[in-house]
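S.K.: One structure is given below, represented as structure tokens, and several questions about it will come after.
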Amino acid sequence: MTFLRRLSRVAPLSAVTAGLLATLIGLTSSAAIVFSAARAAGADSDVLASWMLALGVGMGLTCIGLSLRYKAPIITAWSTPGAALLATGLDGLNLREATGAFLISAALITLSGVTGWFARVMSRVPVSLAAALLAGVLVQFGSALFGSMENDFALVFTMFAVYLVCRRLLPRYAVLAALAAGIAVAAALGEMHLSSVDLAFAKPVFTAPSFSWQAAIGVALPLFVVTMASQNLPGVAVLRNDGYDVPVSPLITWTGVTNFVLAPFGAFGLNLAAITAAICTGPQAHPDPRRRYLAGVWAGVFYLVIGALGATVGSLLLALPAPMVLGIAGIGLLGTIGSSLTSALSDTRWREAAVVTFLATASGVKLLGIGSAFWGLIAGLLTAAATGAISRRAKEADTPAVTR
């Protein structure tokens, strides 16, 4: 009993499940984009496996280290929009020039953390707009839960039905039960192709960097901007939305430093996660907010395993039905979407600006290579200025508090 009690403290089932879901969703939703980026840089199968190893180790170490240090579920991820940018931006560049661009971007991210300018920007973002931004980022996954039923109704509806039943009877294990049901149905329908999965360990492949102004301007700077605006910005919003007021600058600094060290092995962009982080910061990870950091630790453990088995990732992706991945992502984020919308709309002064932020972010608009999270925030701030919410906030800040 003593062993089981200790095990339940360091590995509560809900936290382990949240960590597993975070890594599974992060991997299956965008690994194909990472593969495309690596191919665009001329990577062969060994280099591609090294990329997955470097990214897995980077995410694993930062998740574990930062979660333990700040006792908060700090989840990191690779830059998905950054990978999409690389898939087209690396055309015409060789692998050494790509590595040089990764190093420049990582250095700029580190500088942003050390100087503290990113933290100063985030401290001025109203809570309502940050919550609306997060809801806009996540809503596409919530709607994908029902959209995926069109392609595989039996699989996804069964998952959703099991989730609803367990929300009533076993709320702490509702997401886990939905995942188990999805695996069982997929296996019964013959949609799991595990026989095609080949187990193989990845080996690090060092690529000496080469620097060129074309790669610096055409790849490094856009990668830096996209990572900060489309990834780290909503990543901080996720933490704050669930009450984790951790210092931003050290988080940015450590992701930048880790990225810099691992860039020659293929780590193109590490940042704070948003979508997968929301799975670990909410009550589904643990009923006690002070214990949810364990979900971050376990996410890091799973990322390390994924990195070590980087050569198997491609075949594993083909084994999982896409509707199941979309379905479990939507189910796991239902609670976070609801709480985000509540926070966004609770203050009537910021309500219109929050609605604009939510709609612009949810639209998925992409301008100048920058994702909708950044433009949604800009649209919300412009609306707040037009409606007078910003000026009222400034007046309240200047008004001295009255002691009663």
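Chain labels follow the order of the structure tokens: the first chain is A, the next B, and so on; residue numbering restarts at 1 in every chain, and ligands are counted from 1 in their shown order.
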Env of stretch 363-380 of chain A: 6 Å cut, atoms = only C-alpha atoms, seq-sep filter 4 positions within chain, self excluded. Answer as JSON, numbers by chain.
M.R.: {"A": [226, 229, 230, 353, 356, 357]}
S.K.: Would you kindly return, as a list in words, each protein, DNA or RNA residue with an atom no farther than 10 Å from any atom of A:Ala174, considering only C-alpha atoms and excluding same-chain residues fewer than 2 positions away?
M.R.: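 Close residues of A:Ala174: Ser14, Met159, Phe160, Val162, Tyr163, Leu164, Val165, Cys166, Arg167, Arg168, Leu169, Leu170, Pro171, Arg172, Leu176, Ala177, Ala178, Leu179, Ala180, Gln284, Ile331 and Gly332 of chain A.
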S.K.: Under the rule that only C-alpha atoms are counted, which of A:Gly42, A:Gly296, A:Gly58, A:Gly338 is the nearest residue to A:Ala135?
M.R.: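 Among A:Gly42, A:Gly296, A:Gly58, A:Gly338, it is A:Gly338 that comes nearest to A:Ala135.
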S.K.: Do you have the atom CA of A:Leu55-atom CA of A:Gly218 distance handy?
M.R.: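 That distance, rounded to one decimal, is 22.3 Å.
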S.K.: Write out as a ChimeraX atom specification the residues lying within 10 Å of A:Ala72, counting only C-alpha atoms and excluding same-chain residues fewer than 4 positions away.
M.R.: /A:63,66-68,239,243-246,280-281,289-297
S.K.: Next, write the just-selected residues to a file, as a short mmCIF file (atom, residue, chain, number, x, y, z; two decimals), in the first residue's frame, keeping N, CA and C atoms as the atom set.
M.R.:
```
data_model
loop_
_atom_site.label_atom_id
_atom_site.label_comp_id
_atom_site.auth_asym_id
_atom_site.auth_seq_id
_atom_site.Cartn_x
_atom_site.Cartn_y
_atom_site.Cartn_z
N CYS A 63 10.13 20.66 -20.52
CA CYS A 63 8.89 20.36 -19.80
C CYS A 63 9.18 19.91 -18.37
N LEU A 66 11.32 22.90 -16.27
CA LEU A 66 10.55 24.11 -15.95
C LEU A 66 9.34 23.79 -15.09
N SER A 67 8.70 22.64 -15.31
CA SER A 67 7.54 22.27 -14.49
C SER A 67 7.96 22.04 -13.04
N LEU A 68 9.10 21.37 -12.83
CA LEU A 68 9.60 21.14 -11.47
C LEU A 68 10.07 22.44 -10.83
N LEU A 239 -1.32 29.67 -19.66
CA LEU A 239 -0.89 29.60 -18.26
C LEU A 239 -1.67 30.60 -17.41
N GLY A 243 -4.56 30.46 -14.07
CA GLY A 243 -4.09 30.97 -12.79
C GLY A 243 -2.62 30.75 -12.49
N TYR A 244 -1.80 30.42 -13.48
CA TYR A 244 -0.37 30.20 -13.25
C TYR A 244 0.41 31.45 -13.67
N ASP A 245 0.68 32.30 -12.69
CA ASP A 245 1.36 33.57 -12.95
C ASP A 245 2.87 33.37 -12.81
N VAL A 246 3.44 32.55 -13.68
CA VAL A 246 4.87 32.27 -13.62
C VAL A 246 5.63 33.35 -14.37
N CYS A 280 -3.03 20.17 -20.03
CA CYS A 280 -2.33 19.92 -18.76
C CYS A 280 -2.57 20.98 -17.70
N THR A 281 -3.13 22.13 -18.07
CA THR A 281 -3.32 23.20 -17.09
C THR A 281 -4.71 23.21 -16.47
N PRO A 289 -4.91 22.34 -8.45
CA PRO A 289 -4.02 23.10 -9.34
C PRO A 289 -2.56 23.01 -8.94
N ARG A 290 -2.28 22.82 -7.66
CA ARG A 290 -0.89 22.75 -7.20
C ARG A 290 -0.21 21.45 -7.61
N ARG A 291 -0.99 20.46 -8.04
CA ARG A 291 -0.42 19.17 -8.43
C ARG A 291 -0.41 18.97 -9.94
N ARG A 292 -0.89 19.93 -10.68
CA ARG A 292 -0.97 19.77 -12.13
C ARG A 292 0.40 19.85 -12.80
N TYR A 293 1.40 20.34 -12.07
CA TYR A 293 2.74 20.38 -12.67
C TYR A 293 3.22 18.98 -13.02
N LEU A 294 2.65 17.96 -12.35
CA LEU A 294 3.03 16.58 -12.66
C LEU A 294 2.65 16.21 -14.09
N ALA A 295 1.58 16.81 -14.63
CA ALA A 295 1.22 16.56 -16.02
C ALA A 295 2.31 17.08 -16.95
N GLY A 296 2.91 18.22 -16.59
CA GLY A 296 4.02 18.74 -17.37
C GLY A 296 5.23 17.84 -17.32
N VAL A 297 5.49 17.31 -16.13
CA VAL A 297 6.64 16.39 -15.97
C VAL A 297 6.43 15.14 -16.83
#
```
